[in-house]
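Coordinates as given in query.txt (compact mmCIF, C-alpha atoms):
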# COMPACT_ATOMS: atom_id res chain seq x y z
CA MET A 15 43.16 -74.13 56.33
CA SER A 16 45.21 -71.32 54.82
CA SER A 17 47.24 -68.87 56.86
CA SER A 18 50.44 -66.88 56.60
CA PRO A 19 53.42 -68.86 57.87
CA LEU A 20 54.15 -68.30 61.55
CA LEU A 21 57.69 -67.25 62.34
CA ALA A 22 59.50 -69.65 64.66
CA ARG A 23 60.27 -66.84 67.10
CA TYR A 24 56.57 -65.94 67.27
CA ALA A 25 55.65 -69.59 67.84
CA GLU A 26 58.20 -69.78 70.65
CA CYS A 27 56.99 -66.54 72.24
CA ILE A 28 53.33 -67.60 72.25
CA PHE A 29 54.22 -71.05 73.61
CA TRP A 30 56.11 -69.48 76.52
CA LEU A 31 53.60 -66.69 77.05
CA ALA A 32 51.01 -69.36 77.81
CA ARG A 33 53.40 -71.25 80.05
CA PHE A 34 54.44 -68.23 82.09
CA ILE A 35 50.82 -67.26 82.75
CA GLU A 36 50.00 -70.82 83.83
CA ARG A 37 53.16 -70.92 85.94
CA ALA A 38 52.28 -67.70 87.77
CA GLU A 39 48.75 -68.90 88.53
CA ASN A 40 49.81 -72.33 89.70
CA LEU A 41 52.65 -71.05 91.88
CA ALA A 42 50.10 -68.81 93.57
CA ARG A 43 47.97 -71.92 94.12
CA ILE A 44 50.91 -73.83 95.63
CA LEU A 45 51.78 -70.95 97.97
CA ASP A 46 48.14 -70.69 98.99
CA VAL A 47 47.97 -74.41 99.81
CA ASN A 48 51.23 -74.29 101.71
CA GLU A 49 50.12 -71.31 103.79
CA THR A 50 47.20 -73.45 104.93
CA PHE A 51 49.41 -76.48 105.70
CA SER A 52 52.32 -74.67 107.36
CA ARG A 53 50.73 -73.69 110.64
CA GLY A 54 52.46 -75.41 113.54
CA ARG A 55 55.84 -76.69 114.61
CA SER A 56 56.92 -77.89 111.17
CA ALA A 57 56.39 -74.50 109.48
CA ALA A 58 60.05 -74.09 108.45
CA GLN A 59 60.16 -77.56 106.87
CA SER A 60 56.86 -76.88 105.13
CA TRP A 61 58.23 -73.73 103.48
CA LEU A 62 61.49 -75.48 102.63
CA SER A 63 59.44 -78.10 100.76
CA ILE A 64 58.30 -75.38 98.32
CA VAL A 65 61.91 -74.50 97.58
CA GLN A 66 62.74 -78.18 97.07
CA LEU A 67 59.66 -78.70 94.92
CA ASN A 68 60.99 -76.12 92.46
CA ALA A 69 64.63 -77.34 92.76
CA ASP A 70 65.66 -73.88 93.97
CA GLU A 71 67.75 -74.81 97.02
CA GLU A 72 71.04 -73.48 95.67
CA ARG A 73 69.51 -70.20 94.48
CA PHE A 74 67.55 -69.70 97.69
CA TYR A 75 70.45 -70.37 100.06
CA LYS A 76 72.66 -67.88 98.24
CA LYS A 77 70.35 -65.16 99.56
CA HIS A 78 68.85 -66.64 102.75
CA ARG A 79 70.31 -68.66 105.61
CA THR A 80 67.10 -70.44 106.62
CA PRO A 81 63.62 -70.86 105.12
CA SER A 82 60.72 -69.04 106.71
CA ALA A 83 57.31 -67.93 105.54
CA GLU A 84 58.49 -64.34 105.06
CA ARG A 85 61.62 -65.30 103.11
CA VAL A 86 60.09 -67.97 100.90
CA LEU A 87 57.08 -65.79 100.08
CA ALA A 88 59.29 -62.87 99.10
CA PHE A 89 61.51 -65.24 97.09
CA TYR A 90 58.57 -66.56 95.06
CA LEU A 91 56.36 -63.49 94.90
CA THR A 92 58.49 -60.39 94.37
CA ASP A 93 62.16 -61.41 93.90
CA ALA A 94 63.05 -60.15 90.43
CA ASP A 95 66.41 -61.97 90.62
CA ASN A 96 64.66 -65.32 91.08
CA PRO A 97 63.72 -66.63 87.61
CA THR A 98 61.08 -68.93 89.16
CA SER A 99 59.21 -66.17 91.03
CA ILE A 100 55.73 -65.04 90.07
CA LEU A 101 57.09 -61.56 89.32
CA SER A 102 59.62 -63.08 86.90
CA ALA A 103 56.92 -65.21 85.26
CA VAL A 104 54.67 -62.18 84.71
CA THR A 105 57.62 -60.10 83.49
CA ASN A 106 58.61 -62.81 81.01
CA ALA A 107 55.01 -63.19 79.85
CA ARG A 108 54.82 -59.44 79.24
CA GLU A 109 58.09 -59.42 77.28
CA ASN A 110 56.84 -62.27 75.10
CA ALA A 111 53.57 -60.41 74.56
CA ARG A 112 55.53 -57.30 73.58
CA THR A 113 57.26 -59.29 70.84
CA LEU A 114 53.84 -60.61 69.81
CA ARG A 115 52.09 -57.22 69.60
CA PRO A 116 51.23 -57.81 65.89
CA LEU A 117 49.41 -61.00 66.94
CA VAL A 118 47.87 -60.57 70.40
CA SER A 119 44.69 -58.58 70.92
CA THR A 120 44.69 -55.15 72.53
CA GLU A 121 42.65 -56.56 75.42
CA MET A 122 45.28 -59.26 76.07
CA TRP A 123 48.06 -56.70 76.15
CA VAL A 124 46.19 -54.28 78.42
CA GLN A 125 45.32 -57.00 80.94
CA LEU A 126 48.87 -58.35 81.05
CA ASN A 127 50.37 -54.86 81.34
CA THR A 128 48.00 -54.03 84.22
CA PHE A 129 48.90 -57.31 85.93
CA TYR A 130 52.62 -56.58 85.56
CA HIS A 131 52.33 -53.16 87.20
CA ARG A 132 50.17 -54.62 89.99
CA MET A 133 52.89 -57.19 90.75
CA GLY A 134 55.49 -54.42 90.88
CA ALA A 135 53.46 -52.60 93.53
CA ILE A 136 53.37 -55.50 96.03
CA GLY A 137 54.91 -54.54 99.35
CA PRO A 138 55.87 -56.43 102.54
CA GLY A 139 52.48 -55.67 104.10
CA ASP A 140 50.71 -57.56 101.31
CA MET A 141 52.52 -60.76 102.32
CA LEU A 142 51.54 -60.69 106.00
CA PRO A 143 49.23 -63.51 107.20
CA GLY A 144 46.16 -61.30 107.25
CA SER A 145 46.69 -60.14 103.66
CA LEU A 146 48.41 -63.07 101.96
CA SER A 147 45.31 -65.04 100.98
CA ARG A 148 43.78 -61.94 99.42
CA LEU A 149 46.99 -61.24 97.47
CA LEU A 150 47.26 -64.81 96.15
CA THR A 151 43.59 -64.79 95.17
CA SER A 152 44.11 -61.56 93.23
CA ILE A 153 47.07 -63.10 91.38
CA LYS A 154 45.04 -66.19 90.46
CA GLU A 155 42.15 -64.01 89.29
CA ALA A 156 44.46 -61.84 87.17
CA CYS A 157 45.79 -64.95 85.43
CA GLN A 158 42.29 -66.34 84.94
CA THR A 159 41.14 -63.01 83.51
CA PHE A 160 43.98 -63.09 81.00
CA THR A 161 43.12 -66.68 80.06
CA GLY A 162 39.47 -65.72 79.56
CA ILE A 163 40.36 -62.68 77.46
CA THR A 164 42.67 -64.83 75.35
CA GLU A 165 39.91 -67.38 74.81
CA GLY A 166 37.53 -64.64 73.66
CA THR A 167 39.85 -62.47 71.53
CA PHE A 168 42.85 -64.43 70.26
CA TYR A 169 42.68 -65.22 66.53
CA ARG A 170 42.41 -68.94 65.83
CA ASP A 171 45.41 -69.74 63.67
CA GLN A 172 48.76 -71.45 64.19
CA ALA A 173 49.61 -69.16 67.10
CA SER A 174 46.52 -70.23 69.03
CA TYR A 175 47.50 -73.90 68.79
CA PHE A 176 51.01 -73.16 70.06
CA TYR A 177 49.39 -71.24 72.92
CA ARG A 178 47.25 -74.27 73.83
CA LEU A 179 50.24 -76.60 73.54
CA GLY A 180 52.25 -74.50 75.99
CA GLN A 181 49.29 -73.92 78.30
CA TYR A 182 48.46 -77.59 78.77
CA ILE A 183 52.04 -78.84 79.08
CA GLU A 184 52.63 -76.30 81.83
CA ARG A 185 49.31 -77.00 83.53
CA ALA A 186 50.02 -80.74 83.64
CA ASP A 187 53.45 -80.10 85.16
CA GLN A 188 52.07 -77.69 87.75
CA THR A 189 49.28 -80.07 88.79
CA THR A 190 51.93 -82.67 89.61
CA ARG A 191 53.76 -80.08 91.71
CA LEU A 192 50.60 -79.04 93.53
CA LEU A 193 49.89 -82.69 94.34
CA ASP A 194 53.51 -83.23 95.35
CA THR A 195 53.05 -80.79 98.25
CA LYS A 196 50.80 -83.40 99.90
CA TYR A 197 52.39 -86.77 99.09
CA PRO A 198 53.92 -87.23 102.62
CA LEU A 199 50.43 -87.66 104.03
CA LEU A 200 49.98 -90.70 101.80
CA SER A 201 52.90 -92.60 103.29
CA GLY A 202 51.06 -93.94 106.31
CA GLY A 203 49.27 -96.67 104.40
CA SER A 204 45.77 -95.83 105.66
CA ASP A 205 43.14 -94.72 103.18
CA THR A 206 41.22 -92.78 105.79
CA ALA A 207 42.91 -89.52 106.77
CA ALA A 208 42.82 -87.95 110.20
CA ALA A 209 40.48 -84.99 110.63
CA VAL A 210 43.23 -82.42 110.19
CA GLU A 211 44.48 -84.16 107.05
CA VAL A 212 40.98 -84.24 105.57
CA GLY A 213 40.88 -80.49 105.99
CA GLN A 214 44.18 -80.18 104.16
CA TRP A 215 42.96 -82.32 101.26
CA HIS A 216 39.85 -80.14 101.09
CA ALA A 217 42.15 -77.12 100.86
CA LEU A 218 44.20 -78.78 98.13
CA LEU A 219 41.09 -79.45 96.04
CA ARG A 220 39.84 -75.91 96.52
CA SER A 221 43.22 -74.51 95.57
CA ALA A 222 43.01 -76.48 92.32
CA SER A 223 39.44 -75.16 91.83
CA GLY A 224 38.38 -78.79 91.92
CA TYR A 225 36.34 -79.24 95.08
CA HIS A 226 32.88 -79.08 93.51
CA ALA A 227 33.97 -81.10 90.48
CA PHE A 228 35.42 -83.73 92.82
CA ARG A 229 32.14 -83.91 94.74
CA ARG A 230 30.25 -84.54 91.50
CA VAL A 231 32.38 -87.66 91.03
CA HIS A 232 32.77 -88.71 94.69
CA SER A 233 29.78 -87.73 96.80
CA SER A 234 30.79 -89.98 99.70
CA GLU A 235 33.91 -90.02 101.87
CA LEU A 236 36.89 -87.91 100.83
CA THR A 237 40.12 -89.92 100.93
CA PRO A 238 43.67 -89.01 99.88
CA ALA A 239 43.67 -91.74 97.23
CA ARG A 240 40.50 -90.37 95.64
CA VAL A 241 41.86 -86.83 95.60
CA ALA A 242 45.17 -87.93 94.06
CA GLY A 243 43.39 -90.10 91.50
CA PHE A 244 41.06 -87.25 90.57
CA LEU A 245 43.92 -84.81 89.96
CA LEU A 246 45.94 -87.36 87.99
CA PHE A 247 43.42 -89.31 85.95
CA ASN A 248 40.00 -87.64 85.70
CA PRO A 249 39.20 -87.18 81.98
CA ALA A 250 36.81 -84.25 82.49
CA PHE A 251 38.51 -82.04 85.10
CA PRO A 252 40.39 -79.17 83.35
CA ARG A 253 43.45 -79.43 85.61
CA SER A 254 43.90 -83.19 85.72
CA VAL A 255 47.18 -84.42 84.27
CA TYR A 256 45.33 -86.81 81.94
CA LEU A 257 43.11 -84.11 80.42
CA CYS A 258 46.07 -81.74 80.00
CA VAL A 259 48.12 -84.38 78.18
CA ARG A 260 45.15 -85.13 75.93
CA GLU A 261 44.60 -81.44 75.12
CA ALA A 262 48.30 -80.93 74.38
CA ALA A 263 48.21 -83.91 72.01
CA ASP A 264 45.10 -82.52 70.30
CA ALA A 265 46.73 -79.10 69.84
CA LEU A 266 49.80 -80.69 68.30
CA ALA A 267 47.65 -82.90 66.04
CA ALA A 268 45.73 -79.82 64.85
CA LEU A 269 48.98 -78.02 64.05
CA LYS A 270 50.25 -80.94 62.02
CA HIS A 271 46.93 -81.56 60.25
CA HIS A 272 45.84 -78.01 59.43
CA TYR A 273 49.27 -76.54 58.70
CA ARG A 274 51.12 -79.60 57.40
CA LEU A 275 53.99 -79.27 59.83
CA ARG A 276 56.39 -82.12 59.17
CA ALA A 277 58.25 -81.97 62.49
CA GLY A 278 56.92 -83.24 65.77
CA ASN A 279 56.15 -86.89 65.07
CA ASP A 280 58.28 -87.92 68.04
CA ILE A 281 56.38 -85.46 70.25
CA SER A 282 53.06 -86.98 69.19
CA GLU A 283 54.48 -90.42 69.97
CA GLY A 284 55.63 -89.25 73.38
CA LEU A 285 52.29 -87.66 74.29
CA ASP A 286 50.44 -90.78 73.16
CA GLY A 287 52.78 -92.92 75.24
CA LEU A 288 52.26 -90.76 78.31
CA ARG A 289 48.50 -90.88 77.89
CA ALA A 290 48.70 -94.68 77.66
CA ILE A 291 50.68 -94.82 80.90
CA LEU A 292 48.02 -92.72 82.63
CA GLU A 293 45.22 -94.88 81.22
CA GLU A 294 46.82 -98.17 82.24
CA ARG A 295 47.49 -97.37 85.90
CA SER A 296 45.16 -97.05 88.86
CA ILE A 297 45.75 -94.76 91.80
CA GLU A 298 46.20 -97.81 94.03
CA GLU A 299 49.08 -99.00 91.83
CA ILE A 300 50.63 -95.53 91.85
CA LEU A 301 50.45 -95.28 95.63
CA ALA A 302 51.95 -98.76 96.02
CA GLY A 303 54.88 -97.81 93.80
CA GLY A 304 55.32 -94.37 95.36
CA LEU A 305 53.35 -91.26 94.47
CA HIS A 306 56.34 -88.93 94.78
CA GLU A 307 58.39 -91.11 92.42
CA PHE A 308 55.57 -91.20 89.88
CA LEU A 309 55.18 -87.41 90.03
CA ASP A 310 58.92 -87.01 89.47
CA PHE A 311 58.62 -89.32 86.46
CA LEU A 312 55.79 -87.20 85.02
CA GLN A 313 57.76 -83.99 85.53
CA ASP A 314 60.84 -85.43 83.79
CA TYR A 315 58.67 -86.66 80.94
CA LEU A 316 57.08 -83.23 80.45
CA ILE A 317 60.52 -81.59 80.47
CA ALA A 318 61.51 -83.99 77.68
CA ILE A 319 58.36 -83.03 75.75
CA THR A 320 59.34 -79.37 76.08
CA ASP A 321 62.87 -80.13 74.87
CA ARG A 322 61.50 -81.81 71.78
CA VAL A 323 59.02 -79.02 71.04
CA SER A 324 61.90 -76.53 71.22
CA ALA A 325 64.09 -78.62 68.92
CA ALA A 326 61.31 -79.34 66.41
CA PHE A 327 59.66 -75.94 66.06
CA PHE A 328 61.91 -73.26 67.55
CA ALA A 329 65.33 -74.51 66.39
CA ARG A 330 66.45 -74.55 70.02
CA ARG A 331 68.66 -76.89 71.98
CA PRO A 332 67.02 -78.72 74.90
CA VAL A 333 65.96 -76.21 77.56
CA SER A 334 66.33 -78.69 80.41
CA GLY A 335 70.09 -78.94 80.17
CA GLY A 336 69.81 -82.69 79.80
CA PRO A 337 70.94 -84.99 76.99
CA ASN A 338 69.80 -84.42 73.44
CA PRO A 339 66.19 -85.71 73.46
CA ALA A 340 66.38 -86.71 69.81
CA ALA A 341 68.81 -89.43 70.79
CA ALA A 342 66.59 -91.04 73.40
CA ALA A 343 63.52 -93.25 73.19
CA TRP A 344 60.28 -92.88 75.13
CA PRO A 345 59.95 -92.96 78.04
CA LEU A 346 63.09 -91.03 79.00
CA ALA A 347 62.88 -92.18 82.62
CA PRO A 348 61.75 -95.53 83.97
CA VAL A 349 58.16 -95.73 85.11
CA PRO A 350 58.12 -96.51 88.86
CA GLN A 351 57.48 -100.20 89.32
CA ILE A 352 54.71 -101.67 91.45
CA PRO A 353 56.11 -103.59 94.45
CA SER A 354 55.36 -107.33 94.31

Show the structure stored in the file as structure tokens.
Amino acid sequence: MSSSPLLARYAECIFWLARFIERAENLARILDVNETFSRGRSAAQSWLSIVQLNADEERFYKKHRTPSAERVLAFYLTDADNPTSILSAVTNARENARTLRPLVSTEMWVQLNTFYHRMGAIGPGDMLPGSLSRLLTSIKEACQTFTGITEGTFYRDQASYFYRLGQYIERADQTTRLLDTKYPLLSGGSDTAAAVEVGQWHALLRSASGYHAFRRVHSSELTPARVAGFLLFNPAFPRSVYLCVREAADALAALKHHYRLRAGNDISEGLDGLRAILEERSIEEILAGGLHEFLDFLQDYLIAITDRVSAAFFARRPVSGGPNPAAAAWPLAPVPQIPS
């Protein structure tokens, strides 16, 4: 396949454009799930868990004394000074798209520009309980519209494979974070959830757009273990960690095969190793060893993948701030062990 060489800065911009769009959509999903779970006495702790999930405690407490629905929502929806907010993600996506104007379609640019201005118009009234669900739905739909436009208009060359690589690495990471919002309910040791917990697991599946897909696989009783296993291991659900890792590996393989890229062998090895870990473990084993610990392991692993992509293709140092990934072997963190 012949094509003009892709500049490293363009490859980096398209990789992160995809990631920022996925990040914005999935953070909206996490906030939507948490809004459902946070009703009751433990509301403050529930909102704090979102801050902890994104490792934002230091940044959050510099501006706010205590977590509350109003403060955490503003922090993650409209705070331009918070680099992990949805507004920041959309702003960064737009800036990457601006750099990529010679490559992205007019329809992609128009949709992203419209989305950016819509985010800038969000006011306090949009984050009130009666309006929040509608706002989060509109954010998810804006991201999905951009993804659909990209699928239908983006030219299939090197840039498109870097887009897919970024998209699926980010989606895998965000699925682990979405699932991490619910892991405390798995600590009781019973496979059958109480009625209120069943409702929360229903909400989690719906937030991941996976309820109907889940019911095609499990038509009988819904249990936490089945939901967690579906989101981690299902090979056909578009947001499962396993499928995302497989798609990222395929995108990288296509880049190396079609465009003879010599770098990235260690990334292919790492993705293959991660897929093997996911294939070899059952949800029962994961729960026995600790779901939260396994999700942390996956997140660290995906950060290491990102570090190596940056070093191999963008001439960047590791973005995670950790040790040089080229000096470490896979896996970079120990896989949680199954208790004997």

Pick out the closest residue to A:Gln172 from this set: A:Ser18, A:Thr189, A:Ser221, A:Asn96. Count only C-alpha atoms.
A:Ser18

Hey, which bits of stretch 281-316 of chain A sit within 12 Å of stretch 60-68 of chain A, and for each residue what's the closest pair of atoms and how far apart in Å (one decimal), counting all atoms listed in the file, rows by chain and increasing number, as a Markdown table?
| residue | atom | partner | partner_atom | distance |
| --- | --- | --- | --- | --- |
| A:His306 | CA | A:Leu67 | CA | 10.8 |
| A:Leu309 | CA | A:Leu67 | CA | 10.9 |
| A:Asp310 | CA | A:Leu67 | CA | 10.0 |
| A:Gln313 | CA | A:Leu67 | CA | 10.9 |

Generate a file of the selected residues that holds C-alpha atoms, formatted as a short mmCIF file (atom, residue, chain, number, x, y, z; two decimals), in the coordinates of the input.
data_model
loop_
_atom_site.label_atom_id
_atom_site.label_comp_id
_atom_site.auth_asym_id
_atom_site.auth_seq_id
_atom_site.Cartn_x
_atom_site.Cartn_y
_atom_site.Cartn_z
CA HIS A 306 56.34 -88.93 94.78
CA LEU A 309 55.18 -87.41 90.03
CA ASP A 310 58.92 -87.01 89.47
CA GLN A 313 57.76 -83.99 85.53
#

Distance query 12 Å from (45.2, -85.7, 79.3) using all atoms listed in the file, result as a PDB file with C-alpha atoms, keeping the file's coordinate frame:
ATOM      1  CA  LEU A 179      50.240 -76.600  73.540  1.00  0.00           C
ATOM      2  CA  TYR A 182      48.460 -77.590  78.770  1.00  0.00           C
ATOM      3  CA  ILE A 183      52.040 -78.840  79.080  1.00  0.00           C
ATOM      4  CA  ARG A 185      49.310 -77.000  83.530  1.00  0.00           C
ATOM      5  CA  ALA A 186      50.020 -80.740  83.640  1.00  0.00           C
ATOM      6  CA  ASP A 187      53.450 -80.100  85.160  1.00  0.00           C
ATOM      7  CA  THR A 189      49.280 -80.070  88.790  1.00  0.00           C
ATOM      8  CA  LEU A 245      43.920 -84.810  89.960  1.00  0.00           C
ATOM      9  CA  LEU A 246      45.940 -87.360  87.990  1.00  0.00           C
ATOM     10  CA  PHE A 247      43.420 -89.310  85.950  1.00  0.00           C
ATOM     11  CA  ASN A 248      40.000 -87.640  85.700  1.00  0.00           C
ATOM     12  CA  PRO A 249      39.200 -87.180  81.980  1.00  0.00           C
ATOM     13  CA  ALA A 250      36.810 -84.250  82.490  1.00  0.00           C
ATOM     14  CA  PHE A 251      38.510 -82.040  85.100  1.00  0.00           C
ATOM     15  CA  PRO A 252      40.390 -79.170  83.350  1.00  0.00           C
ATOM     16  CA  ARG A 253      43.450 -79.430  85.610  1.00  0.00           C
ATOM     17  CA  SER A 254      43.900 -83.190  85.720  1.00  0.00           C
ATOM     18  CA  VAL A 255      47.180 -84.420  84.270  1.00  0.00           C
ATOM     19  CA  TYR A 256      45.330 -86.810  81.940  1.00  0.00           C
ATOM     20  CA  LEU A 257      43.110 -84.110  80.420  1.00  0.00           C
ATOM     21  CA  CYS A 258      46.070 -81.740  80.000  1.00  0.00           C
ATOM     22  CA  VAL A 259      48.120 -84.380  78.180  1.00  0.00           C
ATOM     23  CA  ARG A 260      45.150 -85.130  75.930  1.00  0.00           C
ATOM     24  CA  GLU A 261      44.600 -81.440  75.120  1.00  0.00           C
ATOM     25  CA  ALA A 262      48.300 -80.930  74.380  1.00  0.00           C
ATOM     26  CA  ALA A 263      48.210 -83.910  72.010  1.00  0.00           C
ATOM     27  CA  ASP A 264      45.100 -82.520  70.300  1.00  0.00           C
ATOM     28  CA  ALA A 265      46.730 -79.100  69.840  1.00  0.00           C
ATOM     29  CA  LEU A 285      52.290 -87.660  74.290  1.00  0.00           C
ATOM     30  CA  ASP A 286      50.440 -90.780  73.160  1.00  0.00           C
ATOM     31  CA  GLY A 287      52.780 -92.920  75.240  1.00  0.00           C
ATOM     32  CA  LEU A 288      52.260 -90.760  78.310  1.00  0.00           C
ATOM     33  CA  ARG A 289      48.500 -90.880  77.890  1.00  0.00           C
ATOM     34  CA  ALA A 290      48.700 -94.680  77.660  1.00  0.00           C
ATOM     35  CA  ILE A 291      50.680 -94.820  80.900  1.00  0.00           C
ATOM     36  CA  LEU A 292      48.020 -92.720  82.630  1.00  0.00           C
ATOM     37  CA  GLU A 293      45.220 -94.880  81.220  1.00  0.00           C
TER      38      GLU A 293
END

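Between atom CA of A:Trp123 and atom CA of A:Arg108 the separation is 7.9 Å.
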
Counting only C-alpha atoms, the option among A:Ser99, A:Ser282, A:Thr190, A:Ser296 closest to A:Arg240:
A:Ser296

How many Å lie between atom CA of A:Ser102 and atom CA of A:Glu72, rounded to one decimal?
17.8 Å

Which residue, A:Leu305, A:Leu193, A:Ala318, A:Leu101, has the smallest gap to A:Glu39 when you use all atoms listed in the file?
A:Leu101

Please report the interatomic distance between atom CA of A:Glu184 and atom CA of A:Glu36 in Å with one decimal.
6.4 Å

Who sits within 8 Å of A:Ala107, all atoms listed in the file, same chain under 2 positions skipped, as a PDB file with C-alpha atoms, in the frame of the given file:
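Full text of around-v9.pdb as output:
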ATOM      1  CA  TRP A  30      56.110 -69.480  76.520  1.00  0.00           C
ATOM      2  CA  LEU A  31      53.600 -66.690  77.050  1.00  0.00           C
ATOM      3  CA  ALA A  32      51.010 -69.360  77.810  1.00  0.00           C
ATOM      4  CA  PHE A  34      54.440 -68.230  82.090  1.00  0.00           C
ATOM      5  CA  ILE A  35      50.820 -67.260  82.750  1.00  0.00           C
ATOM      6  CA  ALA A 103      56.920 -65.210  85.260  1.00  0.00           C
ATOM      7  CA  VAL A 104      54.670 -62.180  84.710  1.00  0.00           C
ATOM      8  CA  THR A 105      57.620 -60.100  83.490  1.00  0.00           C
ATOM      9  CA  GLU A 109      58.090 -59.420  77.280  1.00  0.00           C
ATOM     10  CA  ASN A 110      56.840 -62.270  75.100  1.00  0.00           C
ATOM     11  CA  ALA A 111      53.570 -60.410  74.560  1.00  0.00           C
ATOM     12  CA  LEU A 126      48.870 -58.350  81.050  1.00  0.00           C
TER      13      LEU A 126
END
